[in-house]
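Raw contents of work.cif, mmCIF, C-alpha atoms:
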data_work
#
loop_
_atom_site.group_PDB
_atom_site.id
_atom_site.type_symbol
_atom_site.label_atom_id
_atom_site.label_comp_id
_atom_site.auth_asym_id
_atom_site.auth_seq_id
_atom_site.Cartn_x
_atom_site.Cartn_y
_atom_site.Cartn_z
ATOM 1 C CA MET K 9 106.113 54.629 130.456
ATOM 2 C CA LYS K 10 108.899 56.611 128.789
ATOM 3 C CA PHE K 11 108.282 60.358 128.453
ATOM 4 C CA LYS K 12 109.000 62.053 125.122
ATOM 5 C CA SER K 13 109.554 65.750 124.534
ATOM 6 C CA GLY K 14 110.931 68.040 121.889
ATOM 7 C CA PHE K 15 110.682 71.116 119.738
ATOM 8 C CA VAL K 16 108.714 71.328 116.497
ATOM 9 C CA THR K 17 108.823 74.218 114.047
ATOM 10 C CA ILE K 18 105.979 74.922 111.627
ATOM 11 C CA ILE K 19 107.055 76.432 108.300
ATOM 12 C CA GLY K 20 105.457 77.124 104.943
ATOM 13 C CA ARG K 21 104.438 79.816 102.526
ATOM 14 C CA PRO K 22 102.295 82.648 103.900
ATOM 15 C CA ASN K 23 98.601 81.864 104.318
ATOM 16 C CA VAL K 24 98.687 78.053 104.195
ATOM 17 C CA GLY K 25 97.177 77.689 107.680
ATOM 18 C CA LYS K 26 100.203 77.368 109.994
ATOM 19 C CA SER K 27 98.728 79.422 112.842
ATOM 20 C CA THR K 28 95.345 77.693 112.547
ATOM 21 C CA LEU K 29 97.086 74.327 112.819
ATOM 22 C CA MET K 30 99.123 75.331 115.863
ATOM 23 C CA ASN K 31 96.084 76.769 117.646
ATOM 24 C CA ASN K 32 94.200 73.538 116.929
ATOM 25 C CA MET K 33 96.981 71.318 118.284
ATOM 26 C CA ILE K 34 97.281 73.187 121.602
ATOM 27 C CA GLY K 35 93.531 73.769 121.936
ATOM 28 C CA GLU K 36 93.836 77.528 122.490
ATOM 29 C CA LYS K 37 94.019 80.601 120.271
ATOM 30 C CA ILE K 38 97.537 81.971 120.730
ATOM 31 C CA ALA K 39 98.765 82.734 117.208
ATOM 32 C CA ILE K 40 96.665 85.212 115.235
ATOM 33 C CA MET K 41 94.847 84.061 112.142
ATOM 34 C CA SER K 42 93.929 85.958 108.998
ATOM 35 C CA ASP K 43 93.196 85.326 105.338
ATOM 36 C CA LYS K 44 95.945 87.841 104.525
ATOM 37 C CA PRO K 45 99.517 86.532 104.067
ATOM 38 C CA GLN K 46 102.465 87.235 106.394
ATOM 39 C CA THR K 47 100.280 87.436 109.493
ATOM 40 C CA THR K 48 102.800 85.952 111.930
ATOM 41 C CA ARG K 49 105.826 88.166 112.614
ATOM 42 C CA ASN K 50 107.477 86.628 115.657
ATOM 43 C CA ARG K 51 108.444 83.087 116.526
ATOM 44 C CA ILE K 52 105.498 82.169 118.716
ATOM 45 C CA GLN K 53 106.229 79.351 121.169
ATOM 46 C CA THR K 54 103.367 77.206 122.456
ATOM 47 C CA ILE K 55 103.206 74.009 124.472
ATOM 48 C CA HIS K 56 101.055 70.870 124.204
ATOM 49 C CA THR K 57 101.402 68.440 127.111
ATOM 50 C CA GLU K 58 99.839 65.024 127.654
ATOM 51 C CA ARG K 59 100.534 62.168 130.064
ATOM 52 C CA ASP K 60 103.511 60.760 128.146
ATOM 53 C CA PHE K 61 104.782 63.637 125.991
ATOM 54 C CA GLN K 62 105.307 67.372 125.675
ATOM 55 C CA ILE K 63 105.600 69.192 122.327
ATOM 56 C CA ILE K 64 106.884 72.759 122.115
ATOM 57 C CA PHE K 65 105.692 74.348 118.859
ATOM 58 C CA LEU K 66 107.382 77.250 117.117
ATOM 59 C CA ASP K 67 105.006 79.023 114.728
ATOM 60 C CA THR K 68 107.287 80.963 112.395
ATOM 61 C CA PRO K 69 106.569 83.758 109.902
ATOM 62 C CA GLY K 70 105.712 82.580 106.390
ATOM 63 C CA MET K 71 108.826 82.154 104.271
ATOM 64 C CA HIS K 72 109.000 84.748 101.502
ATOM 65 C CA LYS K 73 111.385 87.102 99.720
ATOM 66 C CA PRO K 74 111.959 90.101 102.041
ATOM 67 C CA LYS K 75 110.887 93.577 100.890
ATOM 68 C CA ASN K 76 112.045 95.574 103.927
ATOM 69 C CA LYS K 77 113.927 95.220 107.230
ATOM 70 C CA LEU K 78 110.853 93.757 108.918
ATOM 71 C CA GLY K 79 110.658 91.188 106.123
ATOM 72 C CA GLU K 80 114.347 90.355 106.591
ATOM 73 C CA TYR K 81 113.752 89.831 110.308
ATOM 74 C CA MET K 82 110.764 87.576 109.621
ATOM 75 C CA GLN K 83 112.716 85.523 107.078
ATOM 76 C CA LYS K 84 115.699 85.058 109.369
ATOM 77 C CA THR K 85 113.367 84.006 112.191
ATOM 78 C CA ALA K 86 111.812 81.312 110.009
ATOM 79 C CA VAL K 87 115.078 79.891 108.649
ATOM 80 C CA THR K 88 117.141 79.832 111.864
ATOM 81 C CA THR K 89 114.732 77.451 113.614
ATOM 82 C CA LEU K 90 115.213 74.597 111.147
ATOM 83 C CA ASN K 91 118.346 73.075 112.682
ATOM 84 C CA GLU K 92 117.385 73.930 116.272
ATOM 85 C CA VAL K 93 114.391 71.610 116.535
ATOM 86 C CA ASP K 94 113.573 67.899 116.597
ATOM 87 C CA VAL K 95 110.898 67.923 113.888
ATOM 88 C CA VAL K 96 109.999 70.337 111.071
ATOM 89 C CA LEU K 97 106.416 70.512 109.827
ATOM 90 C CA LEU K 98 106.194 71.891 106.291
ATOM 91 C CA VAL K 99 102.606 72.973 105.700
ATOM 92 C CA VAL K 100 101.288 73.274 102.135
ATOM 93 C CA ASP K 101 97.745 73.757 100.866
ATOM 94 C CA ASP K 102 95.698 72.721 97.831
ATOM 95 C CA THR K 103 98.052 74.352 95.320
ATOM 96 C CA THR K 104 99.105 71.814 92.670
ATOM 97 C CA ASP K 105 101.846 73.933 91.085
ATOM 98 C CA MET K 106 105.136 74.457 92.894
ATOM 99 C CA GLY K 107 105.886 78.170 92.538
ATOM 100 C CA PRO K 108 109.075 80.099 93.369
ATOM 101 C CA GLY K 109 108.056 80.386 97.025
ATOM 102 C CA ASP K 110 107.577 76.629 97.341
ATOM 103 C CA GLN K 111 110.844 75.943 95.537
ATOM 104 C CA TYR K 112 112.705 78.316 97.855
ATOM 105 C CA ILE K 113 111.428 76.421 100.908
ATOM 106 C CA ILE K 114 112.266 73.025 99.375
ATOM 107 C CA ASP K 115 115.797 74.209 98.561
ATOM 108 C CA THR K 116 116.149 75.501 102.142
ATOM 109 C CA ILE K 117 115.147 72.226 103.835
ATOM 110 C CA LYS K 118 116.974 69.847 101.457
ATOM 111 C CA ASN K 119 120.203 70.031 103.422
ATOM 112 C CA ILE K 120 118.926 70.060 107.001
ATOM 113 C CA LYS K 121 119.370 66.996 109.217
ATOM 114 C CA THR K 122 116.049 67.427 111.030
ATOM 115 C CA ASN K 123 113.183 65.061 110.159
ATOM 116 C CA VAL K 124 110.609 66.865 108.011
ATOM 117 C CA ILE K 125 106.917 65.920 107.977
ATOM 118 C CA LEU K 126 104.888 67.284 105.074
ATOM 119 C CA VAL K 127 101.413 68.441 106.083
ATOM 120 C CA ILE K 128 98.930 68.919 103.227
ATOM 121 C CA ASN K 129 96.352 71.239 104.777
ATOM 122 C CA LYS K 130 92.794 72.082 103.683
ATOM 123 C CA VAL K 131 91.999 68.516 102.527
ATOM 124 C CA ASP K 132 88.305 69.355 103.041
ATOM 125 C CA LYS K 133 88.660 71.456 99.871
ATOM 126 C CA ILE K 134 90.696 68.918 97.860
ATOM 127 C CA PRO K 135 89.085 66.205 95.662
ATOM 128 C CA PRO K 136 90.817 62.771 95.946
ATOM 129 C CA GLU K 137 92.456 62.953 92.499
ATOM 130 C CA LYS K 138 93.870 66.410 93.236
ATOM 131 C CA PHE K 139 95.165 65.270 96.640
ATOM 132 C CA GLU K 140 96.917 62.342 94.977
ATOM 133 C CA LYS K 141 98.589 64.710 92.499
ATOM 134 C CA ILE K 142 99.848 66.977 95.315
ATOM 135 C CA TYR K 143 100.959 63.944 97.378
ATOM 136 C CA ASN K 144 102.958 62.434 94.506
ATOM 137 C CA MET K 145 104.479 65.791 93.528
ATOM 138 C CA TYR K 146 106.067 66.096 96.979
ATOM 139 C CA LYS K 147 106.762 62.402 97.582
ATOM 140 C CA LYS K 148 109.040 62.165 94.540
ATOM 141 C CA LEU K 149 111.337 64.760 96.150
ATOM 142 C CA GLY K 150 112.350 62.083 98.649
ATOM 143 C CA ILE K 151 112.988 64.456 101.572
ATOM 144 C CA PHE K 152 109.963 63.841 103.815
ATOM 145 C CA LYS K 153 109.788 61.361 106.688
ATOM 146 C CA GLU K 154 105.970 61.334 106.491
ATOM 147 C CA ILE K 155 103.237 62.955 104.382
ATOM 148 C CA ILE K 156 99.864 63.545 106.053
ATOM 149 C CA GLY K 157 96.707 65.232 104.773
ATOM 150 C CA ILE K 158 94.721 67.266 107.315
ATOM 151 C CA SER K 159 92.177 70.020 107.752
ATOM 152 C CA ALA K 160 93.356 72.291 110.580
ATOM 153 C CA LEU K 161 90.108 74.238 110.453
ATOM 154 C CA ASN K 162 87.846 71.166 110.692
ATOM 155 C CA ASP K 163 90.129 69.063 112.934
ATOM 156 C CA LYS K 164 90.497 66.274 110.354
ATOM 157 C CA ASN K 165 93.522 63.994 110.984
ATOM 158 C CA VAL K 166 95.094 66.468 113.439
ATOM 159 C CA ARG K 167 95.285 63.757 116.116
ATOM 160 C CA MET K 168 97.018 61.473 113.605
ATOM 161 C CA LEU K 169 99.536 64.249 112.955
ATOM 162 C CA LEU K 170 100.156 64.694 116.694
ATOM 163 C CA ASN K 171 100.818 60.971 117.079
ATOM 164 C CA THR K 172 103.243 61.043 114.138
ATOM 165 C CA ILE K 173 105.109 63.972 115.685
ATOM 166 C CA VAL K 174 105.441 62.111 118.994
ATOM 167 C CA GLU K 175 106.846 59.056 117.178
ATOM 168 C CA ASN K 176 109.657 61.276 115.893
ATOM 169 C CA LEU K 177 110.502 62.907 119.235
ATOM 170 C CA PRO K 178 113.339 61.750 121.509
ATOM 171 C CA GLU K 179 112.907 60.759 125.127
ATOM 172 C CA GLY K 180 113.287 63.861 127.246
ATOM 173 C CA PRO K 181 112.155 65.921 130.214
ATOM 174 C CA GLN K 182 109.005 67.947 130.692
ATOM 175 C CA TYR K 183 110.354 71.420 129.951
ATOM 176 C CA PHE K 184 107.275 73.388 131.039
ATOM 177 C CA PRO K 185 104.485 72.912 133.622
ATOM 178 C CA GLU K 186 101.641 70.794 132.235
ATOM 179 C CA ASP K 187 99.100 73.652 132.429
ATOM 180 C CA MET K 188 101.326 76.140 130.553
ATOM 181 C CA ILE K 189 100.382 76.696 126.893
ATOM 182 C CA THR K 190 102.729 79.521 125.843
ATOM 183 C CA ASP K 191 105.885 81.290 126.947
ATOM 184 C CA GLN K 192 104.648 84.580 125.506
ATOM 185 C CA PRO K 193 103.833 87.402 127.982
ATOM 186 C CA GLU K 194 100.153 88.386 128.144
ATOM 187 C CA LYS K 195 101.020 91.829 126.726
ATOM 188 C CA ILE K 196 102.404 90.225 123.562
ATOM 189 C CA ILE K 197 99.326 88.039 123.080
ATOM 190 C CA VAL K 198 97.025 91.029 123.671
ATOM 191 C CA SER K 199 98.915 93.139 121.108
ATOM 192 C CA GLU K 200 98.677 90.276 118.595
ATOM 193 C CA ILE K 201 94.915 89.952 119.152
ATOM 194 C CA ILE K 202 94.491 93.665 118.405
ATOM 195 C CA ARG K 203 96.644 93.325 115.286
ATOM 196 C CA GLU K 204 94.563 90.349 114.150
ATOM 197 C CA LYS K 205 91.409 92.464 114.314
ATOM 198 C CA LEU K 206 93.124 95.195 112.294
ATOM 199 C CA LEU K 207 93.994 92.606 109.637
ATOM 200 C CA HIS K 208 90.348 91.591 109.436
ATOM 201 C CA TYR K 209 88.961 95.125 109.281
ATOM 202 C CA LEU K 210 91.444 96.940 107.039
ATOM 203 C CA HIS K 211 91.906 97.342 103.286
ATOM 204 C CA GLU K 212 94.656 95.514 101.407
ATOM 205 C CA GLU K 213 97.120 98.421 101.398
ATOM 206 C CA VAL K 214 97.133 98.965 105.154
ATOM 207 C CA PRO K 215 97.487 95.735 107.210
ATOM 208 C CA HIS K 216 101.209 95.026 106.906
ATOM 209 C CA GLY K 217 102.066 98.621 107.725
ATOM 210 C CA VAL K 218 100.557 98.393 111.219
ATOM 211 C CA ALA K 219 102.098 97.394 114.537
ATOM 212 C CA VAL K 220 100.587 97.362 118.011
ATOM 213 C CA GLU K 221 102.249 98.239 121.310
ATOM 214 C CA VAL K 222 100.471 97.642 124.628
ATOM 215 C CA LEU K 223 101.433 100.581 126.833
ATOM 216 C CA LYS K 224 99.426 99.737 129.947
ATOM 217 C CA MET K 225 97.818 96.576 131.274
ATOM 218 C CA ARG K 226 96.662 96.849 134.870
ATOM 219 C CA LYS K 227 93.956 95.183 136.977
ATOM 220 C CA ARG K 228 91.770 97.610 138.929
ATOM 221 C CA LYS K 229 91.869 97.359 142.700
ATOM 222 C CA GLU K 230 88.921 95.447 144.135
ATOM 223 C CA LYS K 231 87.279 95.146 140.683
ATOM 224 C CA ASP K 232 87.356 92.373 138.092
ATOM 225 C CA ILE K 233 88.377 94.775 135.319
ATOM 226 C CA VAL K 234 91.682 95.017 133.447
ATOM 227 C CA ASP K 235 92.518 98.438 131.980
ATOM 228 C CA ILE K 236 94.500 98.172 128.744
ATOM 229 C CA SER K 237 95.907 101.024 126.671
ATOM 230 C CA ALA K 238 97.514 100.294 123.294
ATOM 231 C CA THR K 239 99.006 102.294 120.436
ATOM 232 C CA ILE K 240 98.506 101.310 116.802
ATOM 233 C CA TYR K 241 101.376 102.473 114.580
ATOM 234 C CA CYS K 242 100.822 103.053 110.863
ATOM 235 C CA GLU K 243 103.041 104.435 108.107
ATOM 236 C CA LYS K 244 100.904 107.097 106.417
ATOM 237 C CA LYS K 245 98.446 109.822 107.360
ATOM 238 C CA SER K 246 95.924 108.346 104.921
ATOM 239 C CA HIS K 247 96.273 104.985 106.699
ATOM 240 C CA LYS K 248 95.491 106.615 110.034
ATOM 241 C CA GLY K 249 92.222 107.885 108.594
ATOM 242 C CA ILE K 250 91.350 104.425 107.262
ATOM 243 C CA ILE K 251 92.091 102.778 110.615
ATOM 244 C CA ILE K 252 89.937 105.257 112.534
ATOM 245 C CA GLY K 253 87.147 105.280 109.939
ATOM 246 C CA LYS K 254 84.233 107.670 109.573
ATOM 247 C CA ASN K 255 83.230 108.996 112.989
ATOM 248 C CA GLY K 256 85.683 106.523 114.525
ATOM 249 C CA ARG K 257 83.499 103.537 113.605
ATOM 250 C CA LYS K 258 86.246 101.274 112.275
ATOM 251 C CA LEU K 259 88.491 101.759 115.297
ATOM 252 C CA LYS K 260 85.503 101.133 117.587
ATOM 253 C CA GLY K 261 84.779 97.909 115.695
ATOM 254 C CA VAL K 262 88.407 96.783 116.050
ATOM 255 C CA GLY K 263 88.321 97.638 119.753
ATOM 256 C CA LYS K 264 85.043 95.816 120.429
ATOM 257 C CA SER K 265 86.136 92.665 118.598
ATOM 258 C CA ALA K 266 89.578 92.675 120.263
ATOM 259 C CA ARG K 267 88.096 93.287 123.715
ATOM 260 C CA GLU K 268 85.851 90.219 123.440
ATOM 261 C CA ASP K 269 88.820 87.961 122.613
ATOM 262 C CA ILE K 270 90.999 89.521 125.309
ATOM 263 C CA GLU K 271 88.272 89.001 127.914
ATOM 264 C CA ARG K 272 88.150 85.310 126.990
ATOM 265 C CA LEU K 273 91.945 85.118 127.259
ATOM 266 C CA LEU K 274 92.175 86.868 130.649
ATOM 267 C CA GLY K 275 88.919 85.597 132.129
ATOM 268 C CA SER K 276 87.871 89.070 133.280
ATOM 269 C CA LYS K 277 86.237 92.251 132.016
ATOM 270 C CA VAL K 278 88.440 94.566 129.953
ATOM 271 C CA PHE K 279 88.418 98.311 129.367
ATOM 272 C CA LEU K 280 90.406 98.844 126.158
ATOM 273 C CA GLU K 281 91.721 102.184 124.880
ATOM 274 C CA LEU K 282 93.241 102.362 121.386
ATOM 275 C CA TRP K 283 95.325 105.209 119.964
ATOM 276 C CA VAL K 284 96.649 105.580 116.398
ATOM 277 C CA LYS K 285 100.038 107.154 115.648
ATOM 278 C CA ILE K 286 101.933 107.690 112.395
ATOM 279 C CA LYS K 287 105.514 106.389 112.131
ATOM 280 C CA GLU K 288 106.568 106.766 108.517
ATOM 281 C CA ASP K 289 108.417 103.758 107.056
ATOM 282 C CA TRP K 290 108.743 102.134 110.494
ATOM 283 C CA ARG K 291 109.256 98.719 108.867
ATOM 284 C CA ASP K 292 112.611 99.922 107.519
ATOM 285 C CA GLN K 293 113.794 101.631 110.730
ATOM 286 C CA GLN K 294 115.939 99.266 112.788
ATOM 287 C CA ASN K 295 115.541 101.272 116.023
ATOM 288 C CA MET K 296 111.749 101.141 115.669
ATOM 289 C CA LEU K 297 111.830 97.400 114.920
ATOM 290 C CA ASN K 298 113.964 96.871 118.029
ATOM 291 C CA TYR K 299 111.575 98.998 120.081
ATOM 292 C CA LEU K 300 108.617 96.877 118.976
ATOM 293 C CA GLY K 301 110.441 93.636 119.763
ATOM 294 C CA TYR K 302 111.471 92.537 116.252
ATOM 295 C CA LYS K 303 115.112 91.795 117.030
#
Is it possible to give me this structure as structure tokens?
Amino acid sequence: MKFKSGFVTIIGRPNVGKSTLMNNMIGEKIAIMSDKPQTTRNRIQTIHTERDFQIIFLDTPGMHKPKNKLGEYMQKTAVTTLNEVDVVLLVVDDTTDMGPGDQYIIDTIKNIKTNVILVINKVDKIPPEKFEKIYNMYKKLGIFKEIIGISALNDKNVRMLLNTIVENLPEGPQYFPEDMITDQPEKIIVSEIIREKLLHYLHEEVPHGVAVEVLKMRKRKEKDIVDISATIYCEKKSHKGIIIGKNGRKLKGVGKSAREDIERLLGSKVFLELWVKIKEDWRDQQNMLNYLGYK
């Protein structure tokens, strides 16, 4: 049997379910998920391997008009993958009107040579007549190799999508060991888990002004406990107060929720310490972005 392998990038507007889809396809939670837009900041690489194929997924930041240097980095990350991969998945949701953000993405992918598969996500929320309207709206553009409706959250048609991706991959080698699901260091995944919990717990004005750096991650000698120390950076003194919460309750809630996910990831007990520091306008400071790995 011939082995197929290749690279697939997942693009789309913020908050259409790209990270949920990628996590579903690899069977593990690697990319963070939130109902707030612009959750993904880095190009997360994950791997799905079966007997006759290997797919390397790149989950990119949502494509949007940049508002700061961090936004510019995120946008460049999303766009530069398009000609580097074998297949592009454009994920859209139940929106029937093509807004400026959608049009920007369409204009961006019109001239690429890579095969593009359109994925209409959240079909569990879409009545048949509405799905048909969305399907026809995109089909008439004439730029998609396939159009598939799925629900990433409920696992509807995800296997069909995987099979379609494989059909569009070239024959190739197995790039990674079959039991490897991501090339991201554990520290990066841990910091992203903490940031996900912050996104869930915080008010609208705070989430995109936070970053997380894991300072220490060390297994105790002769004990099944991993000690982790992480710093949460925010941009304003008022934000620091919101993150910590009254009597430290909010930060404790973030820590407890993050610890449970990290323990599942590492398969051991975790002692997690969180600190909050103010770095004003860090999203517009190139040296700070470099320091946090956005380069």
Item to complete: Could you expand the PyMOL selection byres ((chain K and resi 59) around 10) into the explicit residues it covers here, written as a ChimeraX atom specification?
Response: /K:9,11-12,57-58,60-62,186
Once the PyMOL selection byres ((chain K and resi 229-240) around 7) is applied to the coordinates I shared, what remains selected? I want it as a tab-separated table (two decimals) with C-alpha atoms, in the frame of the given file.
chain	number	residue	atom	x	y	z
K	218	VAL	CA	100.56	98.39	111.22
K	219	ALA	CA	102.10	97.39	114.54
K	220	VAL	CA	100.59	97.36	118.01
K	221	GLU	CA	102.25	98.24	121.31
K	222	VAL	CA	100.47	97.64	124.63
K	223	LEU	CA	101.43	100.58	126.83
K	224	LYS	CA	99.43	99.74	129.95
K	225	MET	CA	97.82	96.58	131.27
K	226	ARG	CA	96.66	96.85	134.87
K	227	LYS	CA	93.96	95.18	136.98
K	228	ARG	CA	91.77	97.61	138.93
K	241	TYR	CA	101.38	102.47	114.58
K	242	CYS	CA	100.82	103.05	110.86
K	276	SER	CA	87.87	89.07	133.28
K	277	LYS	CA	86.24	92.25	132.02
K	278	VAL	CA	88.44	94.57	129.95
K	279	PHE	CA	88.42	98.31	129.37
K	280	LEU	CA	90.41	98.84	126.16
K	281	GLU	CA	91.72	102.18	124.88
K	282	LEU	CA	93.24	102.36	121.39
K	283	TRP	CA	95.32	105.21	119.96
K	284	VAL	CA	96.65	105.58	116.40
K	285	LYS	CA	100.04	107.15	115.65
Worksheet item: Expanded to explicit residues, what is the PyMOL selection byres ((chain K and resi 149-151) around 9) for this file, as a list in words?
Response: Ile114, Ile117, Lys118, Asn123, Val124, Ile125, Asn144, Met145, Tyr146, Lys147, Lys148, Phe152 and Lys153 of chain K
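Between Thr172 of chain K and the residues K:Asp101, K:Ile63, K:Gln293, K:Glu243, the shortest atom-to-atom distance, using all atoms listed in the file, involves K:Ile63.
Nearest residue to Asp110 of chain K among K:Leu259, K:Met188, K:Leu98, K:Ile34 is K:Leu98, counting only C-alpha atoms.
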Worksheet item: Near Thr122 of chain K, within 9 Å and counting all atoms listed in the file, which residues show up once chain neighbours fewer than 2 positions away are dropped, as a PyMOL selection string?
Response: chain K and resi 90-96+117+120+124
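Nearest to Ile250 of chain K of all the residues K:Lys287, K:Glu271, K:Leu210, K:Val127 is K:Leu210, based on only C-alpha atoms.
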Worksheet entry | Distance query segment 262-264 of chain K at most 10 Å, all atoms listed in the file, self and fewer than 2 positions along chain excluded, as a VMD selection string | chain K and resid 201 to 210 251 to 252 257 to 260 266 to 270 279 to 282
Fill in: 12 Å contact set for Ile128 of chain K, only C-alpha atoms, chain neighbours under 6 positions out, as a ChimeraX atom specification
/K:20,24-26,29,97-104,134,138-147,154-160,164-166,169
